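Following: one structure in structure tokens, then a few remarks.
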Amino acid sequence: MDQMLHVSSNPHVRDKMTTSKIMQLVVLALLPTTLFGIYNFGLRALLVVVITVASSVFFEWIYDKLMHKKNTITDFSAVVTGLLLALNMPASIPLWMPVLGSAFAIIVVKQLFGGLGQNFMNPALAGRCFLMISFAGKMTDFAVSDSFRGVVDTVSGATPLAALKQNGFTDSSVSVLHMFIGDIQGTIGETSALAILIGAAILLVFKVIDLKIPLTYIGSFAVFVILYMLGTGKGFDVNYLFSHIFGGGLMLGAWFMATDYVTTPITPRGQYVYGVCLGVLTAVFRLFGGSAEGVSYAIIFCNLLVPMIERVTRHPAFGKGGKKA
Amino acid sequence: MKPNTPAERLYNGIIKENPTFVLMLGMCPTLAITTSATNGIGMGLTTTVILAASNLMISLLRNFIPDRVRMPAFIVVVASFVTVVQLLLQGFIPSLYDSLGIYIPLIVVNCIILGRAEAYASKNKPIASLFDGIGMGLGFTLSITCIGAVRELIGAGSLFGHQILPLADAAAGKAGYEPITIFILAPGAFFVLAALSALQNKFKIGAAKRGIDPSNPDCGGSCAACGNTMCKGKRG
């Protein structure tokens, strides 16, 4: 909407909010998480973040250049994609992998389908899944050697979620408090629920996102986990429930990636349906699947369901439907 | 080139109407078995033999098969050849038989074979039909071998089973190629198929824009001396 004259179909609502501003707000909201990741994993994390963001912007620029298209890097969406992708990677990853992931996210998932607004799934998550499938070992290797603090220094332990998956319910190594604060193993951006919630609060205050999708997502996920606990006869365990909610990528996914405008339903009812789909699928992948994590696959899978969800939840046009007199 | 001559049929099958990249037929084996170049060439040649034999047989029988039951008749012919080839493979090349698995019996319903039987062999003379089958089969072989080679090279660093790129070994601290495993899994098939189709379109469209119609070898690329108004180069 940067042009002075813009011919488009209705609605002709005018707003000071632009794509560029929204994306800058998202970057701002991701800062606490990013900074905590750098604090937790050391300068290596900063390096990964810088490389991923820079390569995302570069691929966006070079694609526009080669295809003789309008330069779109000023809308900041490539920065957001790069940042989200970086937050989804472990700090110890070989540095060429973020570049490959950015290339896949920006060129294949976003630009080949028409650029921002046309991508059929979240580019950052698609990039992550591409790397995850290709280099499962490197993507889940959380060994960090140059941390600022002694806590996670040279510890290549399992993430709490992986420990939970291996050891079942009675795992005392998982402390919910630590998972909330975030000084644990994991990808750069997923460990601290606190930092993510601060960022989410920023987005909510500026009305970039609303509560519909995150709350139905986390809520339906929690309900499913509780049912699983009761159904398998293990009994209700608060520690287990909150470990699942604060552990892994659920928080980051629910607040920052499941709320991506392009790949979520626009109908309010559709957003509830979408949230429930996400919650149930994430829980199914985590509890019954082969890997400890399920958020990214659940989100990109539900991205593909969005056109169908919108179709069934569309508000009937005025004069159509309803009871015949 | 005169239509329906053996040479024209071979050219048509391999380049002009390449079953994989142009007709987009036979996608199921194309996507499923191209995890390596060896698999591609094995599947392609197996299909070629069956395609040539069934085209010849159906062309010979074309005046005897009633129109109403032609589909079942084609399938019976194709299935007989598939059974023969399957038993031969099992007996003489068991390693290929094992790696292609269920996709050998599935050649019966390969749409290239039924498509050529319906579109060509049932309407044309036996010799032309035989070469149509060979041409289509070789085009298919060439395409899926290319797809298989690209996927194998990127996804495993090897080609026809030989390690081309030395692999990285973290335990030994050896630097090397880190295979992008997704390329030998299902998504990789779609990436490579799409990329190669785009690439061959790029060449064909580029040639057409320069006034050369690569699908029409008659004119030798010079549009000025050509009276064919249906040619893409002339229209563009």
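Please note that chains go A, B, ... in the order of the structure tokens, that every chain numbers its residues from 1, and that ligands are numbered from 1 in the order shown.
For stretch 5-231 of chain B, backbone-based DSSP assignment of strand (DSSP E or B) covers Ser158, Leu159, His162, Gln163, Leu167, Asp169, Lys174 and Tyr177 of chain B.
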Chain A near chain B within 12 Å: what's each residue's closest atom pair and its distance in Å to one decimal, counting only C-alpha atoms, ordered by chain then ascending residue number, as CSV?
residue,atom,partner,partner_atom,distance
A:Pro94,CA,B:Glu178,CA,10.5
A:Trp96,CA,B:Glu178,CA,10.6
A:Met97,CA,B:Glu178,CA,10.0
A:Leu100,CA,B:Ile180,CA,10.1
A:Gly101,CA,B:Ile180,CA,11.2
A:Phe104,CA,B:Phe191,CA,10.9
A:Val108,CA,B:Phe191,CA,9.2
A:Val109,CA,B:Phe191,CA,11.3
A:Leu112,CA,B:Ala195,CA,11.5
A:Ala126,CA,B:Pro187,CA,11.9
A:Gly127,CA,B:Ile182,CA,11.9
A:Cys129,CA,B:Ile182,CA,9.7
A:Phe130,CA,B:Ile182,CA,7.0
A:Leu131,CA,B:Ile180,CA,8.2
A:Met132,CA,B:Ile182,CA,9.0
A:Ile133,CA,B:Ile182,CA,5.8
A:Ser134,CA,B:Thr181,CA,4.3
A:Phe135,CA,B:Ile180,CA,6.8
A:Ala136,CA,B:Thr181,CA,9.1
A:Gly137,CA,B:Ala170,CA,10.6
A:Lys138,CA,B:Glu178,CA,10.2
Same residues, C-alpha atoms, output as a short mmCIF file (atom, residue, chain, number, x, y, z; two decimals), in the first residue's frame:
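The file below, selection36.cif, is the result:
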data_model
loop_
_atom_site.label_atom_id
_atom_site.label_comp_id
_atom_site.auth_asym_id
_atom_site.auth_seq_id
_atom_site.Cartn_x
_atom_site.Cartn_y
_atom_site.Cartn_z
CA PRO A 94 26.80 -25.55 11.03
CA TRP A 96 25.72 -23.00 6.03
CA MET A 97 22.50 -24.73 7.10
CA LEU A 100 20.14 -23.25 2.87
CA GLY A 101 17.03 -23.05 5.07
CA PHE A 104 14.24 -22.78 0.72
CA VAL A 108 10.68 -22.04 -2.87
CA VAL A 109 7.93 -21.52 -0.31
CA LEU A 112 7.74 -19.11 -6.26
CA ALA A 126 8.75 -24.87 6.00
CA GLY A 127 12.46 -23.95 6.05
CA CYS A 129 11.06 -28.71 8.42
CA PHE A 130 13.21 -28.90 5.29
CA LEU A 131 16.33 -28.78 7.47
CA MET A 132 14.79 -31.06 10.09
CA ILE A 133 14.03 -33.80 7.55
CA SER A 134 17.38 -33.43 5.82
CA PHE A 135 19.70 -33.06 8.79
CA ALA A 136 17.82 -34.55 11.73
CA GLY A 137 21.04 -35.12 13.65
CA LYS A 138 22.43 -31.62 13.34
#
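In this comparison, which uses only C-alpha atoms, the residue of A:Gly199, A:Phe36, A:Thr187, A:Thr232 approaching A:Glu293 most closely is A:Thr187.
If only C-alpha atoms are the atoms counted, then among B:Cys28, B:Val78, B:Ile15, B:Val84 the closest residue to B:Ala189 is B:Cys28.
Computed from the coordinates, the atom CA of B:Gly137 to atom CA of B:Leu51 distance equals 6.5 Å.
Between atom CA of A:Leu194 and atom CA of A:Ile181 there is a distance of 5.6 Å.
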Subject >> Test item: residues at most 8 Å from A:Gly248, only C-alpha atoms, excluding those fewer than 2 positions along its chain, as number ranges by chain >> reply: A: 159-161, 186, 190-191, 244-246, 250-251, 293
Could you turn the residues from that selection into a file that holds C-alpha atoms, as a PDB file, in the first residue's frame?
ATOM      1  CA  THR A 159      15.721 -31.141  25.746  1.00  0.00           C
ATOM      2  CA  PRO A 160      13.137 -31.458  28.512  1.00  0.00           C
ATOM      3  CA  LEU A 161      10.625 -32.672  25.973  1.00  0.00           C
ATOM      4  CA  GLY A 186      16.573 -26.317  23.012  1.00  0.00           C
ATOM      5  CA  GLU A 190      11.993 -21.812  22.088  1.00  0.00           C
ATOM      6  CA  THR A 191      13.393 -22.206  25.593  1.00  0.00           C
ATOM      7  CA  HIS A 244       4.367 -30.052  27.729  1.00  0.00           C
ATOM      8  CA  ILE A 245       2.965 -26.531  27.509  1.00  0.00           C
ATOM      9  CA  PHE A 246       6.210 -24.681  28.256  1.00  0.00           C
ATOM     10  CA  LEU A 250       4.595 -24.755  21.525  1.00  0.00           C
ATOM     11  CA  MET A 251       4.814 -21.247  22.982  1.00  0.00           C
ATOM     12  CA  GLU A 293       8.428 -32.303  18.854  1.00  0.00           C
TER      13      GLU A 293
END
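Omitting B:Thr83 and its sequence neighbours fewer than 5 positions away, and counting only C-alpha atoms, the residues within 10 Å are Ile50, Val78, Leu88, Leu89, Ile104, Pro105, Ile107 and Val108 of chain B.
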Original post:
In Å, with one decimal, what is the gap from atom CA of A:Thr33 to atom CA of A:Leu164?
Top reply: 23.5 Å
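Of the listed residues A:Val13, A:Val48, A:Ser20, A:Phe142, the one whose atoms come nearest to A:Leu95 is A:Val48, with distances taken using only C-alpha atoms.
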Mind listing the helix (DSSP H, G or I) residues of stretch 43-237 of chain A, per DSSP on the backbone, as a CSV table (one decimal) with N, CA and C atoms, in the first residue's frame?
chain,number,residue,atom,x,y,z
A,43,LEU,N,27.4,-16.2,22.1
A,43,LEU,CA,27.6,-15.4,20.9
A,43,LEU,C,27.3,-16.3,19.6
A,44,ARG,N,27.5,-17.6,19.7
A,44,ARG,CA,27.2,-18.4,18.6
A,44,ARG,C,25.8,-18.3,18.1
A,45,ALA,N,24.8,-18.1,19.1
A,45,ALA,CA,23.4,-17.9,18.8
A,45,ALA,C,23.3,-16.6,18.0
A,46,LEU,N,24.0,-15.5,18.4
A,46,LEU,CA,23.9,-14.3,17.7
A,46,LEU,C,24.4,-14.4,16.3
A,47,LEU,N,25.4,-15.2,16.1
A,47,LEU,CA,26.0,-15.4,14.8
A,47,LEU,C,24.9,-16.1,13.9
A,48,VAL,N,24.3,-17.1,14.5
A,48,VAL,CA,23.2,-17.9,13.7
A,48,VAL,C,22.1,-16.9,13.3
A,49,VAL,N,21.7,-16.1,14.3
A,49,VAL,CA,20.6,-15.2,14.0
A,49,VAL,C,21.0,-14.2,12.9
A,50,VAL,N,22.1,-13.6,13.0
A,50,VAL,CA,22.6,-12.6,12.0
A,50,VAL,C,22.6,-13.2,10.6
A,51,ILE,N,23.3,-14.4,10.5
A,51,ILE,CA,23.4,-15.1,9.2
A,51,ILE,C,22.1,-15.4,8.6
A,52,THR,N,21.1,-15.9,9.5
A,52,THR,CA,19.8,-16.4,8.9
A,52,THR,C,19.1,-15.1,8.4
A,53,VAL,N,19.0,-14.1,9.2
A,53,VAL,CA,18.3,-12.9,8.8
A,53,VAL,C,18.9,-12.3,7.5
A,54,ALA,N,20.2,-12.2,7.5
A,54,ALA,CA,20.9,-11.6,6.4
A,54,ALA,C,20.7,-12.4,5.1
A,55,SER,N,20.8,-13.7,5.2
A,55,SER,CA,20.6,-14.5,4.0
A,55,SER,C,19.1,-14.5,3.6
A,56,SER,N,18.2,-14.4,4.5
A,56,SER,CA,16.8,-14.3,4.1
A,56,SER,C,16.5,-13.1,3.3
A,57,VAL,N,17.0,-12.0,3.8
A,57,VAL,CA,16.9,-10.7,3.1
A,57,VAL,C,17.6,-10.7,1.8
A,58,PHE,N,18.8,-11.3,1.7
A,58,PHE,CA,19.5,-11.4,0.5
A,58,PHE,C,18.8,-12.2,-0.6
A,59,PHE,N,18.2,-13.4,-0.2
A,59,PHE,CA,17.5,-14.2,-1.2
A,59,PHE,C,16.2,-13.4,-1.7
A,60,GLU,N,15.6,-12.7,-0.8
A,60,GLU,CA,14.4,-11.9,-1.2
A,60,GLU,C,14.8,-10.9,-2.2
A,61,TRP,N,15.9,-10.2,-1.9
A,61,TRP,CA,16.4,-9.2,-2.8
A,61,TRP,C,16.9,-9.7,-4.2
A,62,ILE,N,17.6,-10.8,-4.1
A,62,ILE,CA,18.2,-11.4,-5.4
A,62,ILE,C,17.1,-11.9,-6.2
A,63,TYR,N,16.0,-12.5,-5.6
A,63,TYR,CA,14.9,-13.0,-6.4
A,63,TYR,C,14.2,-11.9,-7.1
A,64,ASP,N,13.9,-10.8,-6.4
A,64,ASP,CA,13.2,-9.7,-7.0
A,64,ASP,C,14.1,-9.1,-8.1
A,65,LYS,N,15.4,-9.1,-7.9
A,65,LYS,CA,16.3,-8.5,-8.9
A,65,LYS,C,16.3,-9.4,-10.2
A,66,LEU,N,16.4,-10.7,-10.0
A,66,LEU,CA,16.5,-11.6,-11.1
A,66,LEU,C,15.2,-11.7,-11.9
A,73,ILE,N,12.1,-6.0,-0.1
A,73,ILE,CA,12.7,-6.2,1.2
A,73,ILE,C,12.3,-5.2,2.2
A,74,THR,N,11.8,-4.0,1.8
A,74,THR,CA,11.5,-3.0,2.7
A,74,THR,C,10.2,-3.3,3.5
A,75,ASP,N,9.5,-4.4,3.2
A,75,ASP,CA,8.3,-4.7,4.0
A,75,ASP,C,8.7,-5.5,5.2
A,77,SER,N,9.2,-8.4,5.8
A,77,SER,CA,8.7,-9.8,6.0
A,77,SER,C,9.8,-10.8,5.9
A,78,ALA,N,10.8,-10.5,5.1
A,78,ALA,CA,12.0,-11.4,5.0
A,78,ALA,C,12.7,-11.4,6.3
A,79,VAL,N,12.8,-10.2,7.0
A,79,VAL,CA,13.5,-10.2,8.2
A,79,VAL,C,12.8,-11.1,9.3
A,80,VAL,N,11.4,-11.0,9.3
A,80,VAL,CA,10.6,-11.8,10.2
A,80,VAL,C,10.8,-13.3,9.9
A,81,THR,N,10.8,-13.6,8.6
A,81,THR,CA,11.0,-15.0,8.3
A,81,THR,C,12.4,-15.5,8.7
A,82,GLY,N,13.4,-14.7,8.5
A,82,GLY,CA,14.7,-15.1,8.8
A,82,GLY,C,14.9,-15.2,10.3
A,83,LEU,N,14.3,-14.3,11.1
A,83,LEU,CA,14.4,-14.3,12.5
A,83,LEU,C,13.7,-15.5,13.1
A,84,LEU,N,12.5,-15.8,12.6
A,84,LEU,CA,11.7,-17.0,13.1
A,84,LEU,C,12.5,-18.3,12.8
A,85,LEU,N,13.1,-18.3,11.6
A,85,LEU,CA,13.8,-19.5,11.2
A,85,LEU,C,15.0,-19.7,12.2
A,86,ALA,N,15.7,-18.6,12.4
A,86,ALA,CA,16.9,-18.6,13.3
A,86,ALA,C,16.5,-19.1,14.7
A,87,LEU,N,15.3,-18.6,15.2
A,87,LEU,CA,14.9,-19.0,16.5
A,87,LEU,C,14.5,-20.5,16.6
A,96,TRP,N,26.3,-23.0,7.4
A,96,TRP,CA,25.7,-23.0,6.0
A,96,TRP,C,24.3,-23.5,6.0
A,97,MET,N,23.9,-24.2,7.1
A,97,MET,CA,22.5,-24.7,7.1
A,97,MET,C,21.4,-23.6,7.2
A,98,PRO,N,21.6,-22.6,8.0
A,98,PRO,CA,20.7,-21.5,8.0
A,98,PRO,C,20.5,-20.9,6.6
A,99,VAL,N,21.6,-20.8,5.9
A,99,VAL,CA,21.6,-20.2,4.5
A,99,VAL,C,20.7,-21.0,3.6
A,100,LEU,N,20.9,-22.3,3.7
A,100,LEU,CA,20.1,-23.3,2.9
A,100,LEU,C,18.7,-23.2,3.3
A,101,GLY,N,18.4,-23.1,4.6
A,101,GLY,CA,17.0,-23.1,5.1
A,101,GLY,C,16.4,-21.8,4.6
A,102,SER,N,17.1,-20.6,4.7
A,102,SER,CA,16.5,-19.4,4.2
A,102,SER,C,16.2,-19.4,2.7
A,103,ALA,N,17.1,-20.0,2.0
A,103,ALA,CA,16.9,-20.1,0.5
A,103,ALA,C,15.6,-20.9,0.2
A,104,PHE,N,15.5,-22.0,0.9
A,104,PHE,CA,14.2,-22.8,0.7
A,104,PHE,C,13.0,-22.0,1.1
A,105,ALA,N,13.1,-21.4,2.3
A,105,ALA,CA,11.9,-20.6,2.9
A,105,ALA,C,11.5,-19.5,1.9
A,106,ILE,N,12.5,-18.7,1.5
A,106,ILE,CA,12.2,-17.5,0.8
A,106,ILE,C,11.9,-17.8,-0.7
A,107,ILE,N,12.7,-18.6,-1.3
A,107,ILE,CA,12.6,-18.8,-2.8
A,107,ILE,C,11.5,-19.8,-3.1
A,108,VAL,N,11.6,-21.0,-2.5
A,108,VAL,CA,10.7,-22.0,-2.9
A,108,VAL,C,9.3,-21.8,-2.3
A,109,VAL,N,9.3,-21.6,-0.9
A,109,VAL,CA,7.9,-21.5,-0.3
A,109,VAL,C,7.2,-20.2,-0.5
A,110,LYS,N,8.0,-19.1,-0.5
A,110,LYS,CA,7.4,-17.8,-0.6
A,110,LYS,C,7.3,-17.2,-2.0
A,111,GLN,N,8.5,-17.0,-2.6
A,111,GLN,CA,8.5,-16.3,-3.8
A,111,GLN,C,8.0,-17.1,-5.0
A,123,PRO,N,6.7,-19.7,5.7
A,123,PRO,CA,8.0,-20.0,5.1
A,123,PRO,C,9.0,-20.4,6.1
A,124,ALA,N,9.0,-19.7,7.3
A,124,ALA,CA,10.0,-20.1,8.3
A,124,ALA,C,9.9,-21.5,8.7
A,125,LEU,N,8.7,-21.9,9.0
A,125,LEU,CA,8.5,-23.3,9.4
A,125,LEU,C,8.8,-24.3,8.3
A,126,ALA,N,8.4,-24.0,7.1
A,126,ALA,CA,8.8,-24.9,6.0
A,126,ALA,C,10.3,-25.0,5.9
A,127,GLY,N,11.0,-23.9,6.1
A,127,GLY,CA,12.5,-24.0,6.0
A,127,GLY,C,13.0,-24.8,7.2
A,128,ARG,N,12.4,-24.7,8.3
A,128,ARG,CA,12.8,-25.5,9.5
A,128,ARG,C,12.6,-27.0,9.2
A,129,CYS,N,11.4,-27.3,8.7
A,129,CYS,CA,11.1,-28.7,8.4
A,129,CYS,C,12.0,-29.3,7.3
A,130,PHE,N,12.3,-28.5,6.3
A,130,PHE,CA,13.2,-28.9,5.3
A,130,PHE,C,14.5,-29.3,5.9
A,131,LEU,N,15.1,-28.5,6.8
A,131,LEU,CA,16.3,-28.8,7.5
A,131,LEU,C,16.2,-30.0,8.4
A,132,MET,N,15.0,-30.0,9.1
A,132,MET,CA,14.8,-31.1,10.1
A,132,MET,C,14.8,-32.4,9.4
A,133,ILE,N,14.1,-32.5,8.3
A,133,ILE,CA,14.0,-33.8,7.6
A,133,ILE,C,15.4,-34.2,7.0
A,134,SER,N,16.1,-33.1,6.5
A,134,SER,CA,17.4,-33.4,5.8
A,134,SER,C,18.5,-33.7,6.8
A,136,ALA,N,18.5,-34.3,10.4
A,136,ALA,CA,17.8,-34.5,11.7
A,136,ALA,C,18.8,-34.5,12.9
A,137,GLY,N,20.0,-35.1,12.6
A,137,GLY,CA,21.0,-35.1,13.6
A,137,GLY,C,21.5,-33.7,14.1
A,138,LYS,N,21.9,-32.9,13.0
A,138,LYS,CA,22.4,-31.6,13.3
A,138,LYS,C,21.4,-30.7,13.9
A,139,MET,N,20.1,-30.9,13.5
A,139,MET,CA,19.1,-30.0,14.0
A,139,MET,C,18.6,-30.3,15.4
A,160,PRO,N,14.1,-30.9,27.6
A,160,PRO,CA,13.1,-31.5,28.5
A,160,PRO,C,12.1,-32.3,27.8
A,161,LEU,N,11.7,-31.9,26.7
A,161,LEU,CA,10.6,-32.7,26.0
A,161,LEU,C,11.1,-34.1,25.6
A,162,ALA,N,12.4,-34.1,25.1
A,162,ALA,CA,12.9,-35.4,24.7
A,162,ALA,C,13.1,-36.3,25.9
A,163,ALA,N,13.5,-35.7,27.1
A,163,ALA,CA,13.7,-36.4,28.3
A,163,ALA,C,12.3,-37.0,28.7
A,164,LEU,N,11.3,-36.1,28.6
A,164,LEU,CA,9.9,-36.5,29.0
A,164,LEU,C,9.5,-37.7,28.1
A,165,LYS,N,9.8,-37.6,26.8
A,165,LYS,CA,9.4,-38.7,25.9
A,165,LYS,C,10.1,-40.0,26.3
A,166,GLN,N,11.4,-39.9,26.6
A,166,GLN,CA,12.1,-41.1,26.9
A,166,GLN,C,11.7,-41.7,28.3
A,167,ASN,N,11.7,-40.9,29.3
A,167,ASN,CA,11.5,-41.4,30.6
A,167,ASN,C,10.1,-41.4,31.1
A,176,VAL,N,9.6,-27.3,35.9
A,176,VAL,CA,8.7,-26.4,35.2
A,176,VAL,C,9.2,-24.9,35.3
A,177,LEU,N,9.7,-24.6,36.4
A,177,LEU,CA,10.2,-23.2,36.6
A,177,LEU,C,11.3,-22.9,35.6
A,178,HIS,N,12.2,-23.8,35.5
A,178,HIS,CA,13.3,-23.6,34.5
A,178,HIS,C,12.8,-23.5,33.1
A,179,MET,N,11.8,-24.3,32.8
A,179,MET,CA,11.3,-24.3,31.5
A,179,MET,C,10.6,-22.9,31.2
A,180,PHE,N,10.0,-22.4,32.3
A,180,PHE,CA,9.3,-21.1,32.1
A,180,PHE,C,10.3,-20.0,31.9
A,181,ILE,N,11.3,-20.0,32.7
A,181,ILE,CA,12.4,-19.0,32.6
A,181,ILE,C,13.2,-19.2,31.3
A,193,ALA,N,9.7,-19.4,27.9
A,193,ALA,CA,8.2,-19.1,27.8
A,193,ALA,C,8.0,-17.6,28.2
A,194,LEU,N,8.8,-17.2,29.2
A,194,LEU,CA,8.6,-15.8,29.7
A,194,LEU,C,8.9,-14.8,28.7
A,195,ALA,N,10.1,-14.9,28.0
A,195,ALA,CA,10.4,-14.0,26.9
A,195,ALA,C,9.4,-14.0,25.8
A,196,ILE,N,8.9,-15.2,25.5
A,196,ILE,CA,7.9,-15.3,24.4
A,196,ILE,C,6.6,-14.6,24.8
A,197,LEU,N,6.2,-14.7,26.1
A,197,LEU,CA,5.0,-14.1,26.6
A,197,LEU,C,5.1,-12.6,26.6
A,198,ILE,N,6.3,-12.1,26.9
A,198,ILE,CA,6.6,-10.6,26.9
A,198,ILE,C,6.3,-10.1,25.4
A,199,GLY,N,6.9,-10.9,24.5
A,199,GLY,CA,6.8,-10.5,23.1
A,199,GLY,C,5.3,-10.6,22.6
A,200,ALA,N,4.6,-11.6,23.1
A,200,ALA,CA,3.2,-11.8,22.8
A,200,ALA,C,2.4,-10.6,23.3
A,201,ALA,N,2.7,-10.2,24.5
A,201,ALA,CA,2.0,-9.0,25.1
A,201,ALA,C,2.2,-7.8,24.2
A,202,ILE,N,3.4,-7.6,23.7
A,202,ILE,CA,3.6,-6.4,22.8
A,202,ILE,C,2.7,-6.5,21.6
A,203,LEU,N,2.6,-7.7,21.0
A,203,LEU,CA,1.8,-7.9,19.8
A,203,LEU,C,0.3,-7.7,20.2
A,204,LEU,N,-0.1,-8.1,21.4
A,204,LEU,CA,-1.5,-8.0,21.8
A,204,LEU,C,-1.8,-6.5,22.0
A,205,VAL,N,-0.9,-5.8,22.7
A,205,VAL,CA,-1.1,-4.3,23.0
A,205,VAL,C,-1.3,-3.6,21.7
A,212,LYS,N,-7.5,-15.3,19.8
A,212,LYS,CA,-8.3,-16.5,19.4
A,212,LYS,C,-7.5,-17.7,19.1
A,213,ILE,N,-6.5,-17.5,18.2
A,213,ILE,CA,-5.7,-18.7,17.7
A,213,ILE,C,-4.8,-19.2,18.9
A,214,PRO,N,-4.0,-18.3,19.5
A,214,PRO,CA,-3.1,-18.9,20.5
A,214,PRO,C,-3.8,-19.6,21.6
A,215,LEU,N,-4.9,-19.0,22.1
A,215,LEU,CA,-5.6,-19.6,23.3
A,215,LEU,C,-6.3,-20.9,22.9
A,216,THR,N,-7.0,-20.9,21.7
A,216,THR,CA,-7.6,-22.2,21.4
A,216,THR,C,-6.6,-23.3,21.1
A,217,TYR,N,-5.4,-22.8,20.5
A,217,TYR,CA,-4.4,-23.8,20.3
A,217,TYR,C,-3.9,-24.4,21.6
A,218,ILE,N,-3.4,-23.5,22.5
A,218,ILE,CA,-2.8,-24.0,23.8
A,218,ILE,C,-3.9,-24.7,24.6
A,219,GLY,N,-5.1,-24.1,24.6
A,219,GLY,CA,-6.2,-24.8,25.4
A,219,GLY,C,-6.5,-26.1,24.9
A,220,SER,N,-6.7,-26.3,23.6
A,220,SER,CA,-7.1,-27.6,23.1
A,220,SER,C,-6.0,-28.6,23.3
A,221,PHE,N,-4.7,-28.1,23.2
A,221,PHE,CA,-3.6,-29.0,23.4
A,221,PHE,C,-3.6,-29.5,24.9
A,222,ALA,N,-3.8,-28.5,25.8
A,222,ALA,CA,-3.9,-28.9,27.2
A,222,ALA,C,-5.0,-29.9,27.5
A,223,VAL,N,-6.1,-29.7,26.9
A,223,VAL,CA,-7.2,-30.6,27.1
A,223,VAL,C,-6.9,-32.0,26.6
A,224,PHE,N,-6.2,-32.1,25.5
A,224,PHE,CA,-5.9,-33.4,24.9
A,224,PHE,C,-4.8,-34.1,25.8
A,225,VAL,N,-3.9,-33.3,26.3
A,225,VAL,CA,-2.9,-33.9,27.2
A,225,VAL,C,-3.5,-34.4,28.5
A,226,ILE,N,-4.4,-33.6,29.0
A,226,ILE,CA,-5.1,-34.1,30.3
A,226,ILE,C,-5.9,-35.4,30.0
A,227,LEU,N,-6.6,-35.4,28.8
A,227,LEU,CA,-7.4,-36.6,28.5
A,227,LEU,C,-6.4,-37.8,28.3
A,228,TYR,N,-5.3,-37.5,27.7
A,228,TYR,CA,-4.3,-38.6,27.6
A,228,TYR,C,-3.8,-39.1,28.9
A,229,MET,N,-3.5,-38.2,29.8
A,229,MET,CA,-3.1,-38.6,31.2
A,229,MET,C,-4.1,-39.5,31.8
A,230,LEU,N,-5.4,-39.0,31.8
A,230,LEU,CA,-6.5,-39.8,32.5
A,230,LEU,C,-6.7,-41.1,31.7
A,231,GLY,N,-6.7,-41.0,30.4
A,231,GLY,CA,-7.0,-42.2,29.6
A,231,GLY,C,-6.0,-43.3,29.8
Subject >> Spatial neighbours of B:Leu96, max dist 12 Å, only C-alpha atoms, sep filter under 2 positions, as a PyMOL selection string >> reply: chain B and resi 33+36+38-46+86+88-94+98-104
